[in-house]
Structures are given as structure tokens and as C-alpha cells.
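Peer 1: Structure: input10.txt, compact mmCIF, C-alpha atoms.
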# COMPACT_ATOMS: atom_id res chain seq x y z
CA MET B 1 113.97 110.16 93.26
CA THR B 2 113.81 113.42 91.37
CA SER B 3 113.15 114.40 87.80
CA SER B 4 116.78 113.87 86.85
CA VAL B 5 118.14 110.36 86.33
CA SER B 6 121.63 109.54 87.53
CA GLN B 7 123.91 108.80 84.60
CA SER B 8 126.33 106.91 86.83
CA LEU B 9 124.00 103.91 86.85
CA SER B 10 124.82 101.32 84.20
CA TRP B 11 121.39 99.66 84.04
CA SER B 12 119.30 100.01 80.89
CA PHE B 13 115.99 98.51 79.81
CA PRO B 14 116.41 96.48 76.58
CA CYS B 15 115.60 98.76 73.67
CA PRO B 16 116.80 99.52 70.11
CA GLN B 17 120.41 100.64 69.92
CA PRO B 18 122.49 102.65 67.43
CA PRO B 19 123.44 102.63 64.68
CA ASP B 20 120.48 100.82 63.12
CA TRP B 21 117.87 101.33 65.91
CA THR B 22 116.12 98.08 64.96
CA LEU B 23 112.88 97.24 66.78
CA ASP B 24 112.59 93.47 67.29
CA TRP B 25 108.88 93.43 68.09
CA ALA B 26 108.51 89.64 67.91
CA SER B 27 111.17 89.21 70.60
CA LEU B 28 109.49 91.77 72.84
CA GLN B 29 106.15 89.97 72.56
CA ALA B 30 107.85 86.69 73.37
CA GLU B 31 109.67 88.17 76.39
CA PHE B 32 106.82 90.13 77.97
CA ASP B 33 103.59 88.17 78.35
CA TRP B 34 101.68 91.27 79.45
CA LEU B 35 101.97 92.59 75.90
CA GLN B 36 99.82 89.69 74.68
CA SER B 37 96.82 90.90 76.70
CA LEU B 38 96.77 94.08 74.59
CA GLN B 39 96.21 92.21 71.32
CA ASP B 40 92.44 91.75 71.54
CA CYS B 41 91.66 95.03 73.32
CA PRO B 42 89.65 97.30 70.99
CA GLN B 43 89.87 101.10 70.79
CA ASP B 44 87.43 103.74 69.62
CA LEU B 45 88.09 104.22 65.90
CA ARG B 46 87.42 107.94 66.20
CA TYR B 47 90.63 108.33 68.19
CA HIS B 48 92.54 105.16 67.31
CA ALA B 49 91.80 104.12 63.77
CA GLU B 50 95.06 102.15 63.74
CA GLY B 51 93.39 99.26 65.57
CA ASP B 52 93.74 97.44 68.90
CA VAL B 53 95.95 98.45 71.83
CA LEU B 54 98.81 96.14 70.86
CA THR B 55 98.95 97.69 67.38
CA HIS B 56 98.94 101.16 68.93
CA THR B 57 101.69 100.21 71.38
CA ARG B 58 103.90 98.90 68.55
CA LEU B 59 103.32 102.07 66.52
CA VAL B 60 104.15 104.23 69.55
CA CYS B 61 107.42 102.35 70.03
CA GLU B 62 108.24 102.74 66.33
CA ALA B 63 107.46 106.44 66.48
CA LEU B 64 109.51 106.89 69.64
CA ILE B 65 112.70 105.31 68.33
CA ALA B 66 112.41 107.38 65.13
CA LEU B 67 112.31 110.68 67.03
CA PRO B 68 115.61 112.63 67.01
CA ALA B 69 114.68 113.90 70.48
CA TRP B 70 114.75 110.30 71.76
CA ARG B 71 117.89 109.22 69.91
CA GLU B 72 119.81 112.20 71.30
CA LEU B 73 119.07 111.26 74.92
CA PRO B 74 121.56 109.42 77.16
CA PRO B 75 121.16 105.61 77.04
CA ILE B 76 119.41 105.31 80.41
CA GLU B 77 116.79 107.91 79.56
CA ARG B 78 116.19 106.25 76.18
CA SER B 79 115.61 102.99 78.03
CA LEU B 80 113.19 104.58 80.49
CA LEU B 81 111.12 106.09 77.70
CA PHE B 82 111.08 102.87 75.70
CA ALA B 83 109.87 100.91 78.73
CA ALA B 84 107.19 103.54 79.36
CA ALA B 85 106.05 103.34 75.74
CA LEU B 86 105.64 99.57 76.09
CA LEU B 87 103.71 99.95 79.34
CA HIS B 88 101.72 103.15 78.81
CA ASP B 89 98.44 101.35 77.99
CA VAL B 90 99.02 98.15 79.95
CA ALA B 91 95.84 98.62 82.01
CA LYS B 92 93.49 99.27 79.08
CA PRO B 93 92.24 95.67 78.78
CA GLY B 94 90.91 95.76 82.34
CA ALA B 95 89.45 99.26 81.99
CA THR B 96 87.88 99.09 78.54
CA GLU B 97 84.09 99.28 78.24
CA ILE B 98 81.95 99.24 75.10
CA ALA B 99 78.77 101.33 75.32
CA ALA B 100 75.46 100.49 73.66
CA ASP B 101 76.18 102.98 70.87
CA GLY B 102 79.48 101.26 70.11
CA SER B 103 81.72 103.91 71.66
CA ILE B 104 84.71 102.57 73.59
CA THR B 105 86.16 104.07 76.77
CA SER B 106 88.91 103.05 79.20
CA LYS B 107 88.44 105.38 82.16
CA GLY B 108 91.01 105.03 84.93
CA HIS B 109 93.52 103.11 82.83
CA VAL B 110 96.30 105.65 83.39
CA ARG B 111 96.23 105.52 87.18
CA GLN B 112 95.82 101.75 87.23
CA GLY B 113 98.46 101.43 84.54
CA ALA B 114 101.02 103.14 86.75
CA LYS B 115 100.33 100.62 89.53
CA MET B 116 100.50 97.71 87.09
CA ALA B 117 103.77 99.04 85.69
CA ARG B 118 105.22 99.10 89.21
CA GLN B 119 104.12 95.49 89.80
CA ILE B 120 105.57 94.31 86.49
CA LEU B 121 108.87 96.14 86.88
CA TRP B 122 109.23 95.09 90.53
CA SER B 123 108.88 91.45 89.42
CA LEU B 124 111.66 92.10 86.88
CA ASN B 125 113.91 93.37 89.73
CA LEU B 126 114.54 96.74 88.13
CA PRO B 127 116.52 99.21 90.26
CA PHE B 128 114.19 101.35 92.37
CA GLN B 129 115.10 104.71 90.85
CA GLN B 130 114.60 103.54 87.27
CA ARG B 131 111.43 101.61 88.12
CA GLU B 132 109.80 104.63 89.70
CA ALA B 133 110.87 106.89 86.82
CA ILE B 134 109.08 104.56 84.39
CA VAL B 135 106.03 104.45 86.66
CA MET B 136 105.91 108.25 86.71
CA LEU B 137 106.23 108.39 82.92
CA VAL B 138 103.23 106.06 82.64
CA GLN B 139 101.27 108.01 85.25
CA HIS B 140 101.94 111.46 83.78
CA GLY B 141 102.48 110.51 80.14
CA SER B 142 99.24 112.10 78.91
CA LEU B 143 99.80 115.36 80.80
CA PRO B 144 101.29 117.19 77.76
CA LEU B 145 98.02 116.58 75.91
CA TRP B 146 95.62 117.69 78.62
CA PHE B 147 97.51 119.96 81.03
CA TRP B 148 95.74 123.09 79.79
CA ASP B 149 92.40 121.55 80.75
CA LYS B 150 93.51 121.23 84.39
CA PRO B 151 92.05 123.65 86.96
CA ASN B 152 95.58 125.01 87.50
CA PRO B 153 97.88 124.15 84.55
CA GLN B 154 100.89 125.81 86.16
CA ARG B 155 100.56 123.74 89.33
CA ALA B 156 100.06 120.58 87.25
CA VAL B 157 103.33 120.92 85.34
CA ILE B 158 105.31 122.09 88.38
CA LYS B 159 104.02 119.12 90.38
CA ALA B 160 104.93 116.70 87.60
CA SER B 161 108.42 118.19 87.40
CA GLN B 162 109.10 117.16 90.99
CA VAL B 163 108.79 113.47 90.13
CA ILE B 164 109.81 113.14 86.46
CA CYS B 165 111.51 115.20 83.76
CA CYS B 166 108.83 117.09 81.81
CA ASN B 167 110.95 116.94 78.68
CA LEU B 168 110.75 113.14 78.81
CA LEU B 169 106.97 113.43 79.19
CA ALA B 170 106.87 115.57 76.05
CA VAL B 171 108.91 113.04 74.05
CA LEU B 172 106.65 110.19 75.19
CA ALA B 173 103.48 112.15 74.42
CA GLU B 174 104.74 113.02 70.94
CA ALA B 175 105.41 109.34 70.24
CA ASP B 176 101.96 108.46 71.59
CA VAL B 177 100.32 110.90 69.18
CA ARG B 178 102.41 109.81 66.20
CA GLY B 179 101.55 106.18 66.99
CA ARG B 180 97.83 106.66 66.36
CA GLU B 181 95.56 107.45 63.44
CA CYS B 182 93.12 110.25 64.28
CA ASP B 183 91.70 113.40 62.73
CA ASP B 184 93.16 115.71 65.40
CA GLN B 185 96.77 114.49 65.26
CA LEU B 186 98.19 117.88 64.24
CA GLU B 187 96.27 119.60 67.04
CA LEU B 188 97.61 117.10 69.56
CA LEU B 189 101.17 117.63 68.36
CA GLU B 190 100.67 121.38 68.79
CA ARG B 191 99.57 120.73 72.37
CA VAL B 192 102.80 118.84 73.05
CA GLN B 193 104.82 121.77 71.73
CA PHE B 194 102.75 124.18 73.83
CA PHE B 195 103.48 121.98 76.86
CA ARG B 196 107.21 122.25 76.19
CA GLU B 197 107.01 126.03 75.93
CA PHE B 198 104.82 126.33 79.03
CA CYS B 199 107.23 124.20 81.08
CA GLN B 200 110.14 126.28 79.81
CA GLU B 201 108.36 129.45 80.94
CA ASN B 202 107.82 127.90 84.36
CA ASN B 203 111.44 126.78 84.69
CA CYS B 204 110.55 123.08 84.87
CA LEU B 205 111.14 121.49 81.47
CA PHE B 206 114.43 119.73 82.15
CA TYR B 207 114.65 119.90 85.95
CA PRO B 208 112.32 120.08 88.95
CA ARG B 209 110.91 123.57 89.45
CA PRO B 210 113.09 125.09 92.22
CA PHE B 211 111.55 126.65 95.33
CA PRO B 212 112.99 129.20 97.77
CA SER B 213 113.07 126.49 100.47
CA ASP B 214 111.74 123.06 101.40
CA ASP B 215 109.09 124.77 103.49
CA SER B 216 108.07 126.96 100.53
CA ARG B 217 107.69 123.86 98.39
CA PHE B 218 105.60 122.14 101.06
CA VAL B 219 103.33 125.16 101.51
CA TYR B 220 102.88 125.47 97.73
CA PHE B 221 101.67 121.90 97.30
CA GLN B 222 99.40 122.11 100.33
CA LYS B 223 97.37 124.81 98.57
CA GLU B 224 95.54 124.81 95.25
CA ASN B 225 96.39 128.33 94.08
CA GLY B 226 99.73 129.17 95.63
CA ASP B 227 102.58 131.20 94.16
CA PRO B 228 105.66 129.05 93.37
CA ASN B 229 107.88 132.10 93.91
CA TYR B 230 106.54 132.74 97.41
CA ALA B 231 109.22 132.42 100.09
CA ALA B 232 107.24 131.00 103.00
CA PHE B 233 108.13 131.92 106.56
CA ASP B 234 109.20 128.73 108.31
CA ASP B 235 106.99 128.56 111.39
CA THR B 236 107.54 124.86 112.12
CA ARG B 237 108.02 124.09 115.82
CA PHE B 238 108.90 120.39 116.00
CA ASP B 239 109.47 117.36 113.76
CA VAL B 240 107.35 114.40 112.78
CA VAL B 241 108.82 111.44 110.90
CA LEU B 242 106.17 109.53 108.99
CA MET B 243 107.26 106.00 108.16
CA SER B 244 106.05 104.29 104.99
CA GLY B 245 106.62 100.82 103.58
CA LEU B 246 105.24 97.33 103.27
CA PRO B 247 105.38 94.86 106.17
CA GLY B 248 108.93 93.57 106.43
CA ALA B 249 110.50 96.60 104.76
CA GLY B 250 112.54 97.34 107.90
CA LYS B 251 110.74 100.30 109.47
CA ASP B 252 111.30 99.21 113.10
CA TYR B 253 114.96 98.47 112.46
CA TRP B 254 115.49 101.82 110.74
CA ILE B 255 113.95 103.69 113.66
CA ARG B 256 116.14 101.84 116.18
CA GLU B 257 119.28 102.55 114.16
CA ASN B 258 118.57 106.16 113.18
CA LEU B 259 116.22 107.64 115.80
CA PRO B 260 116.85 105.53 118.91
CA ASP B 261 115.88 108.29 121.37
CA TRP B 262 112.68 109.38 119.63
CA THR B 263 109.18 108.73 120.89
CA VAL B 264 107.37 106.33 118.56
CA ILE B 265 103.65 105.97 117.92
CA SER B 266 103.41 102.44 116.57
CA LEU B 267 100.08 101.22 115.26
CA ASP B 268 101.30 97.61 115.60
CA GLU B 269 102.02 98.12 119.28
CA LEU B 270 98.69 99.87 119.85
CA ARG B 271 96.88 96.94 118.23
CA GLN B 272 98.58 94.57 120.69
CA VAL B 273 97.79 96.76 123.70
CA MET B 274 94.17 97.21 122.59
CA ASP B 275 93.88 93.52 121.59
CA ILE B 276 92.66 94.36 118.09
CA SER B 277 93.55 92.05 115.22
CA PRO B 278 95.00 93.57 112.01
CA LYS B 279 92.04 91.90 110.25
CA ASP B 280 89.49 93.83 112.36
CA ASP B 281 88.24 97.40 111.99
CA GLN B 282 91.19 99.71 112.70
CA ALA B 283 89.19 102.87 113.45
CA ALA B 284 89.73 102.63 117.21
CA VAL B 285 93.47 102.07 116.79
CA VAL B 286 93.87 105.05 114.47
CA GLU B 287 91.72 107.25 116.71
CA ARG B 288 93.88 106.40 119.72
CA ALA B 289 97.09 107.02 117.76
CA ARG B 290 95.84 110.41 116.55
CA ALA B 291 94.87 111.35 120.12
CA ILE B 292 98.37 110.53 121.36
CA ALA B 293 99.88 112.50 118.47
CA LYS B 294 97.79 115.54 119.36
CA GLU B 295 99.07 115.39 122.94
CA TYR B 296 102.67 115.37 121.70
CA MET B 297 102.04 118.14 119.17
CA ARG B 298 100.36 120.41 121.71
CA ALA B 299 103.54 120.00 123.76
CA GLU B 300 105.65 120.61 120.59
CA LYS B 301 107.28 117.20 121.04
CA SER B 302 108.85 115.46 118.07
CA PHE B 303 107.86 111.85 117.35
CA VAL B 304 107.76 109.04 114.79
CA TRP B 305 104.47 107.78 113.35
CA ASN B 306 105.19 104.14 112.53
CA ALA B 307 102.76 102.37 110.19
CA THR B 308 102.70 101.13 106.59
CA ASN B 309 101.14 104.34 105.15
CA ILE B 310 101.22 102.96 101.61
CA SER B 311 98.55 105.21 100.08
CA ARG B 312 98.90 108.89 99.30
CA GLN B 313 95.37 109.53 100.60
CA LEU B 314 96.19 108.13 104.03
CA ARG B 315 99.47 110.02 104.21
CA SER B 316 97.72 113.22 103.15
CA SER B 317 95.24 112.94 106.01
CA LEU B 318 98.04 112.54 108.54
CA ILE B 319 100.18 115.28 107.00
CA SER B 320 97.25 117.71 107.16
CA LEU B 321 96.88 116.91 110.86
CA PHE B 322 100.58 117.33 111.60
CA SER B 323 100.97 120.54 109.60
CA ALA B 324 97.98 122.08 111.40
CA TYR B 325 100.14 121.91 114.56
CA GLN B 326 103.11 123.44 112.69
CA ALA B 327 105.16 120.26 112.38
CA ARG B 328 108.07 119.85 110.01
CA ILE B 329 107.25 116.58 108.26
CA ARG B 330 109.73 114.03 106.97
CA ILE B 331 108.59 110.87 105.18
CA VAL B 332 110.92 107.87 105.31
CA TYR B 333 109.97 105.21 102.77
CA LEU B 334 111.60 101.80 103.06
CA GLU B 335 111.65 98.99 100.52
CA ALA B 336 113.22 95.57 100.15
CA SER B 337 113.06 92.99 97.39
CA TRP B 338 109.95 90.83 97.27
CA ALA B 339 111.89 87.73 98.31
CA GLU B 340 113.44 89.58 101.25
CA LEU B 341 110.04 90.95 102.35
CA LEU B 342 108.62 87.44 102.44
CA ARG B 343 111.67 86.07 104.26
CA ARG B 344 111.46 88.74 106.96
CA ASN B 345 107.71 88.31 107.30
CA HIS B 346 108.14 84.55 107.76
CA ALA B 347 110.62 85.20 110.57
CA ARG B 348 108.24 87.51 112.44
CA ALA B 349 106.26 86.32 115.46
CA ALA B 350 103.12 88.02 114.10
CA LYS B 351 103.17 87.05 110.44
CA VAL B 352 101.14 88.92 107.85
CA PRO B 353 99.47 86.63 105.30
CA GLU B 354 101.41 86.69 102.02
CA ALA B 355 98.20 87.43 100.09
CA VAL B 356 97.70 90.53 102.24
CA ILE B 357 101.23 91.78 101.52
CA GLN B 358 100.63 91.13 97.82
CA ARG B 359 97.45 93.22 97.85
CA MET B 360 99.27 95.99 99.70
CA ARG B 361 102.06 95.97 97.12
CA ASP B 362 99.49 96.22 94.34
CA ARG B 363 98.00 99.33 96.00
CA LEU B 364 101.33 100.91 96.92
CA GLU B 365 101.91 104.57 96.07
CA VAL B 366 105.53 105.51 96.71
CA PRO B 367 105.83 108.90 98.50
CA ASP B 368 107.23 111.84 96.56
CA LEU B 369 108.60 115.32 97.24
CA THR B 370 105.25 117.06 96.80
CA GLU B 371 103.94 115.49 100.02
CA ALA B 372 106.30 116.65 102.78
CA HIS B 373 109.19 118.93 103.72
CA GLN B 374 111.61 116.04 103.20
CA VAL B 375 111.28 112.57 101.69
CA ASP B 376 113.89 109.82 102.01
CA TRP B 377 113.82 106.58 100.06
CA VAL B 378 115.75 103.81 101.81
CA VAL B 379 115.93 100.84 99.45
CA ASP B 380 117.55 97.54 100.39
CA SER B 381 118.91 96.22 97.09
Could you render the structure as C-alpha cells?
Peer 2:
Amino acid sequence: MTSSVSQSLSWSFPCPQPPDWTLDWASLQAEFDWLQSLQDCPQDLRYHAEGDVLTHTRLVCEALIALPAWRELPPIERSLLFAAALLHDVAKPGATEIAADGSITSKGHVRQGAKMARQILWSLNLPFQQREAIVMLVQHGSLPLWFWDKPNPQRAVIKASQVICCNLLAVLAEADVRGRECDDQLELLERVQFFREFCQENNCLFYPRPFPSDDSRFVYFQKENGDPNYAAFDDTRFDVVLMSGLPGAGKDYWIRENLPDWTVISLDELRQVMDISPKDDQAAVVERARAIAKEYMRAEKSFVWNATNISRQLRSSLISLFSAYQARIRIVYLEASWAELLRRNHARAAKVPEAVIQRMRDRLEVPDLTEAHQVDWVVDS
């Protein structure tokens, strides 16, 4: 999963097609029930005088398909952007608050919207690569408007380029601006153009910003104010493979097939040995696992850390620990279809409640290349 999208894949999200580029909005509303929830969600008239979120979403889609920059894209990329336009404000109804003075805010809707987009698209059985590209478009879609306000604008655009094409972000942001009525529309459009130019200057508009090496990339994203041109000296001494995936994704099987001779720190096995239920406080289990890992790392011994590791925050804590001992870190993310996950879970001796797996899926953050030296995505289609 990189910022480029393979053109060999034939899948495409349903969207207007040449030569007439007709938008059948009524059919879209009938097909996607999550669009209906946007209809009664208000917006602050100072920034969205066009009306509610559904009206804005329709106008964004209309603006998108009218853009020459969108029409000139390959079919798959057009489909990705159209899906992102439909989904970009999907979380606003749950995040919208009306203050006493009548002002309307929707803090956190972008981050939550990315997770909701993943849930919706997973239920539609979209291919993994395309699904995650749409999720990243939703998650980073407003970056062209606000990147210059970031503590480190250069790092912000370079980081985004590792997970999605920044040019696609610019096209989506332009459509978002043109699909609203506001006093600062021209200023916002200028910001989008500035974003394009800034990404071009940083060699990351159409492709991921290249680094001298995987280790240089890892070091850059571990620091807040690094130099992307810095060629880091590779001082890694051993390897750690960090597994990631929902219960039933196939982590144990993958380890047996691919790293049969490696030492494995399994949190499931430690829970059994320590007689601690998955429903209980896991602090003791994690503390014991980290202690074992430190023993291995002091001896410069490679190992696998086998747990679900579905959140970026949890992975970051572990990666910081491993890198402090000069480990080369590889994340292996595994995924299977929802039906297959439930089938495998049902066949397990120690079943995980389906509601628990559902909550984990809703919180899932798929690993990306900014987190480790190497990231592999193993998806069972």
C-alpha cells in the first residue's frame, strides 16, 4: 500500500463515466444508506452557507466530476476520489455540536470518518488496496487546506505521501472547496495550489517522497525535525517482527509457515501460562512480555512479537522500545474477510466474542510505511 495505485486492477467504485459524466444522485442515495444520515446534519453558515452535510456532499461530488484534473485521471483513481468525496464527511452527524451562541462544530470528524469509511467499505467487500486508499483520502483530505498551519509542514506532506498520492489529495480538496459557499473560497483555493507547489518542491506530489534507505525513512519519522535527505547509518543489530491483525486473521499460521525457527513472544500464550483472562486487566501480561523482549534484545536475539496490535499508539510504544535496543523492525499485518474471520474464530478452542472482534475492527488502524523499517500487508481475499 503506497501512494501509487496499481492500474492492473480492474475494480472501480461506481461513479460518473465519460462521455456525459452524469451524476445520478438519487441512485446513490438509494444505494448507500449512510448518505441519508447526512441530510439533517447542520453546518455553520459562516463556512457552509450551502446548507446541510448532504447538500455539501452532493455539491462536492458535482464539483469533483467537473474538474478536468479528475476527468484526466485513470479510471481507478477517479473511482477512489469519487468514493472519498461521498465519504469525506460521513462522521459529521456523530461529531456535530451546536454551541449556545449558535455556532456549529464537528471536532474529530475527520479521524472518526476515516474509521467509519473503513467499516463501510469493508462491508462492501472492496479490495484491500483500494479500500485503504479511500480511507487515506478521507483521513488526509483536508491537509491541502491546513498543512501550513502544522508544526512542521514539510514533514506533514512527506508523511502523507507515504500513504496516498498528494496530487489526489489536492484534487479532492479543490472539489471540497468548490462544493461549499463561503467568503474565503478564493483563499482556500489558493491554499490548495500552494499545497501542490510545496509538494512538488519536496518531491512528493505524485509519488512517495524517496529516502536514501529504509533505515533513513524510519529514522526520519521517529523524529519531529529530521532531514529527509539525511542518509542514516544503519546501526541495527537484530530483527523484530511485529505482528498485527484482528483475531482470526492468521497470525499464528503465518509465523509457522514463514518464520518456523524464530522465537515468538505470544501474548495469548502468556495469558494462558499466567491464567489471566483476555477480559481482565492485561498490564501484567504486557509487562512480562516486555521483560522477556528486553532479555532477547540485550542478547541481540531476533524474535516475533505476536499480538493483535491494532492501534498505531500501541505499535508506537513497542516500536520505540525495540528501536532503543537497535532493532530492525518489520510489521506484518494480516487480514481476512469478515466472514472468514468469524469462521476461524468459531473454530478456535478459545473463542473471542463476536462483539469484541467487531469493536476491534471499528478501532483498527492499518499499519503504514511511516511506522517501521518494513511493512508487509498479507490479505486473504
Peer 1: Could you check the closest approach to Ala307 of chain B for each of B:Val264, B:Ala324, B:Leu64, B:Leu73 and tell me which residue wins, using all atoms listed in the file?
Peer 2: B:Val264
Peer 1: How far is it from atom CA of Leu45 of chain B to atom CA of Ile65 of chain B, in Å with one decimal?
Peer 2: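 Separation between atom CA of Leu45 of chain B and atom CA of Ile65 of chain B: 24.8 Å.
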Peer 1: Smallest atom-to-atom distance to Gln162 of chain B: which of B:Leu334, B:Leu189, B:Leu369, B:Ala100, using all atoms listed in the file?
Peer 2: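 Checking each candidate against Gln162 of chain B, we get B:Leu369 as the closest.
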Peer 1: Which residues, written as a PDB file with C-alpha atoms, in the frame of the given file, have at least one atom at most 10 Å from Arg155 of chain B, with all atoms listed in the file counted and residues fewer than 2 positions away on the same chain left out?
Peer 2:
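around26.pdb was written with the following content:
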ATOM      1  CA  PHE B 147      97.510 119.960  81.030  1.00  0.00           C
ATOM      2  CA  LYS B 150      93.510 121.230  84.390  1.00  0.00           C
ATOM      3  CA  PRO B 151      92.050 123.650  86.960  1.00  0.00           C
ATOM      4  CA  ASN B 152      95.580 125.010  87.500  1.00  0.00           C
ATOM      5  CA  PRO B 153      97.880 124.150  84.550  1.00  0.00           C
ATOM      6  CA  VAL B 157     103.330 120.920  85.340  1.00  0.00           C
ATOM      7  CA  ILE B 158     105.310 122.090  88.380  1.00  0.00           C
ATOM      8  CA  LYS B 159     104.020 119.120  90.380  1.00  0.00           C
ATOM      9  CA  ALA B 160     104.930 116.700  87.600  1.00  0.00           C
ATOM     10  CA  SER B 161     108.420 118.190  87.400  1.00  0.00           C
ATOM     11  CA  ASN B 202     107.820 127.900  84.360  1.00  0.00           C
ATOM     12  CA  TYR B 220     102.880 125.470  97.730  1.00  0.00           C
ATOM     13  CA  PHE B 221     101.670 121.900  97.300  1.00  0.00           C
ATOM     14  CA  LYS B 223      97.370 124.810  98.570  1.00  0.00           C
ATOM     15  CA  GLU B 224      95.540 124.810  95.250  1.00  0.00           C
ATOM     16  CA  ASN B 225      96.390 128.330  94.080  1.00  0.00           C
ATOM     17  CA  GLY B 226      99.730 129.170  95.630  1.00  0.00           C
ATOM     18  CA  ASP B 227     102.580 131.200  94.160  1.00  0.00           C
ATOM     19  CA  PRO B 228     105.660 129.050  93.370  1.00  0.00           C
TER      20      PRO B 228
END
Peer 1: Do a neighbour search on Glu354 of chain B at 12 Å with all atoms listed in the file, toss out local chain neighbours closer than 5 positions, and write the hits as a list in words.
Peer 2: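 The filter keeps Leu246, Pro247, Gly248, Trp338, Ala339, Leu341, Leu342, Arg343, Arg344, Asn345, His346, Arg359, Met360 and Arg361 of chain B.
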Peer 1: Excluding Glu50 of chain B and residues on its chain fewer than 6 positions from it, collect all residues at most 12 Å away from it, counting all atoms listed in the file, and give them as a PyMOL selection string.
Peer 2: chain B and resi 42-44+56-60+177-183
Peer 1: Between atom CA of Asn203 of chain B and atom CA of Pro75 of chain B, what distance in Å does the model show, to one decimal?
Peer 2: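 Taking atom CA of Asn203 of chain B and atom CA of Pro75 of chain B, their separation equals 24.5 Å.
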Peer 1: Could you work out how far atom CA of Val192 of chain B lies from atom CA of Gln17 of chain B, giving the answer in Å with one decimal?
Peer 2: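 Taking atom CA of Gln17 of chain B as the start and atom CA of Val192 of chain B as the end point, the length is 25.5 Å.
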Peer 1: Which of these, B:Leu137, B:Gln119, B:Ala84, B:Arg46, has the shortest distance to Gln358 of chain B once you count all atoms listed in the file?
Peer 2: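 That would be B:Gln119, the residue with the smallest distance to Gln358 of chain B.
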Peer 1: Of the residues B:Ser37, B:Leu169, B:Phe303, B:Gln112, which is the one nearest to Ala69 of chain B, using only C-alpha atoms?
Peer 2: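 Nearest to Ala69 of chain B: B:Leu169.
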Peer 1: Determine the nearest neighbour of Gln185 of chain B from the options B:Ala283, B:Ala49, B:Ala289, B:Cys15, counting all atoms listed in the file.
Peer 2: B:Ala49
Peer 1: Using all atoms listed in the file, can you tell me which of B:Asp215, B:Asp376, B:Glu300, B:Glu97 comes closest to Ser244 of chain B?
Peer 2: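 Of B:Asp215, B:Asp376, B:Glu300, B:Glu97, the one nearest Ser244 of chain B is B:Asp376, counting all atoms listed in the file.
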Peer 1: Val163 of chain B: which residues within 12 Å, counting all atoms listed in the file, same-chain residues fewer than 4 positions away excluded, as an MDAnalysis selection string?
Peer 2: chainID B and resid 1:5 129:130 132:140 156:159 168:169 204 206:209 366:371 375
Peer 1: Set the distance at 8 Å and use only C-alpha atoms: which residues neighbour Lys107 of chain B once local chain neighbours fewer than 2 positions away are removed? I'd like the list as a list in words.
Peer 2: Ala95, Thr96, Thr105, His109 and Val110 of chain B
Peer 1: Around (100.7, 98.3, 80.4) in the file's frame, which residues reach within 10 Å when counting only C-alpha atoms? Return as number ranges by chain?
Peer 2: B: 34-35, 37-38, 53-54, 57, 83-93, 109-110, 112-118, 120, 138
Peer 1: Can segment 64-75 of chain B be brought up to N, CA and C atoms and written out as a PDB file, keeping the file's coordinate frame?
Peer 2:
ATOM      1  N   LEU B  64     108.567 106.418  68.638  1.00  0.00           N
ATOM      2  CA  LEU B  64     109.510 106.890  69.640  1.00  0.00           C
ATOM      3  C   LEU B  64     110.945 106.745  69.162  1.00  0.00           C
ATOM      4  N   ILE B  65     111.297 105.551  68.689  1.00  0.00           N
ATOM      5  CA  ILE B  65     112.700 105.310  68.330  1.00  0.00           C
ATOM      6  C   ILE B  65     113.106 106.049  67.056  1.00  0.00           C
ATOM      7  N   ALA B  66     112.107 106.584  66.328  1.00  0.00           N
ATOM      8  CA  ALA B  66     112.410 107.380  65.130  1.00  0.00           C
ATOM      9  C   ALA B  66     112.607 108.852  65.455  1.00  0.00           C
ATOM     10  N   LEU B  67     112.218 109.258  66.669  1.00  0.00           N
ATOM     11  CA  LEU B  67     112.310 110.680  67.030  1.00  0.00           C
ATOM     12  C   LEU B  67     113.759 111.079  67.314  1.00  0.00           C
ATOM     13  N   PRO B  68     114.273 112.129  66.672  1.00  0.00           N
ATOM     14  CA  PRO B  68     115.610 112.630  67.010  1.00  0.00           C
ATOM     15  C   PRO B  68     115.734 112.988  68.488  1.00  0.00           C
ATOM     16  N   ALA B  69     114.653 113.507  69.069  1.00  0.00           N
ATOM     17  CA  ALA B  69     114.680 113.900  70.480  1.00  0.00           C
ATOM     18  C   ALA B  69     114.936 112.705  71.389  1.00  0.00           C
ATOM     19  N   TRP B  70     114.489 111.514  70.969  1.00  0.00           N
ATOM     20  CA  TRP B  70     114.750 110.300  71.760  1.00  0.00           C
ATOM     21  C   TRP B  70     116.157 109.789  71.502  1.00  0.00           C
ATOM     22  N   ARG B  71     116.569 109.751  70.253  1.00  0.00           N
ATOM     23  CA  ARG B  71     117.890 109.220  69.910  1.00  0.00           C
ATOM     24  C   ARG B  71     119.020 110.041  70.519  1.00  0.00           C
ATOM     25  N   GLU B  72     118.765 111.311  70.760  1.00  0.00           N
ATOM     26  CA  GLU B  72     119.810 112.200  71.300  1.00  0.00           C
ATOM     27  C   GLU B  72     119.936 112.108  72.815  1.00  0.00           C
ATOM     28  N   LEU B  73     119.024 111.387  73.468  1.00  0.00           N
ATOM     29  CA  LEU B  73     119.070 111.260  74.920  1.00  0.00           C
ATOM     30  C   LEU B  73     120.173 110.308  75.363  1.00  0.00           C
ATOM     31  N   PRO B  74     120.625 110.420  76.607  1.00  0.00           N
ATOM     32  CA  PRO B  74     121.560 109.420  77.160  1.00  0.00           C
ATOM     33  C   PRO B  74     120.910 108.037  77.164  1.00  0.00           C
ATOM     34  N   PRO B  75     121.698 106.961  77.133  1.00  0.00           N
ATOM     35  CA  PRO B  75     121.160 105.610  77.040  1.00  0.00           C
ATOM     36  C   PRO B  75     120.117 105.253  78.109  1.00  0.00           C
TER      37      PRO B  75
END
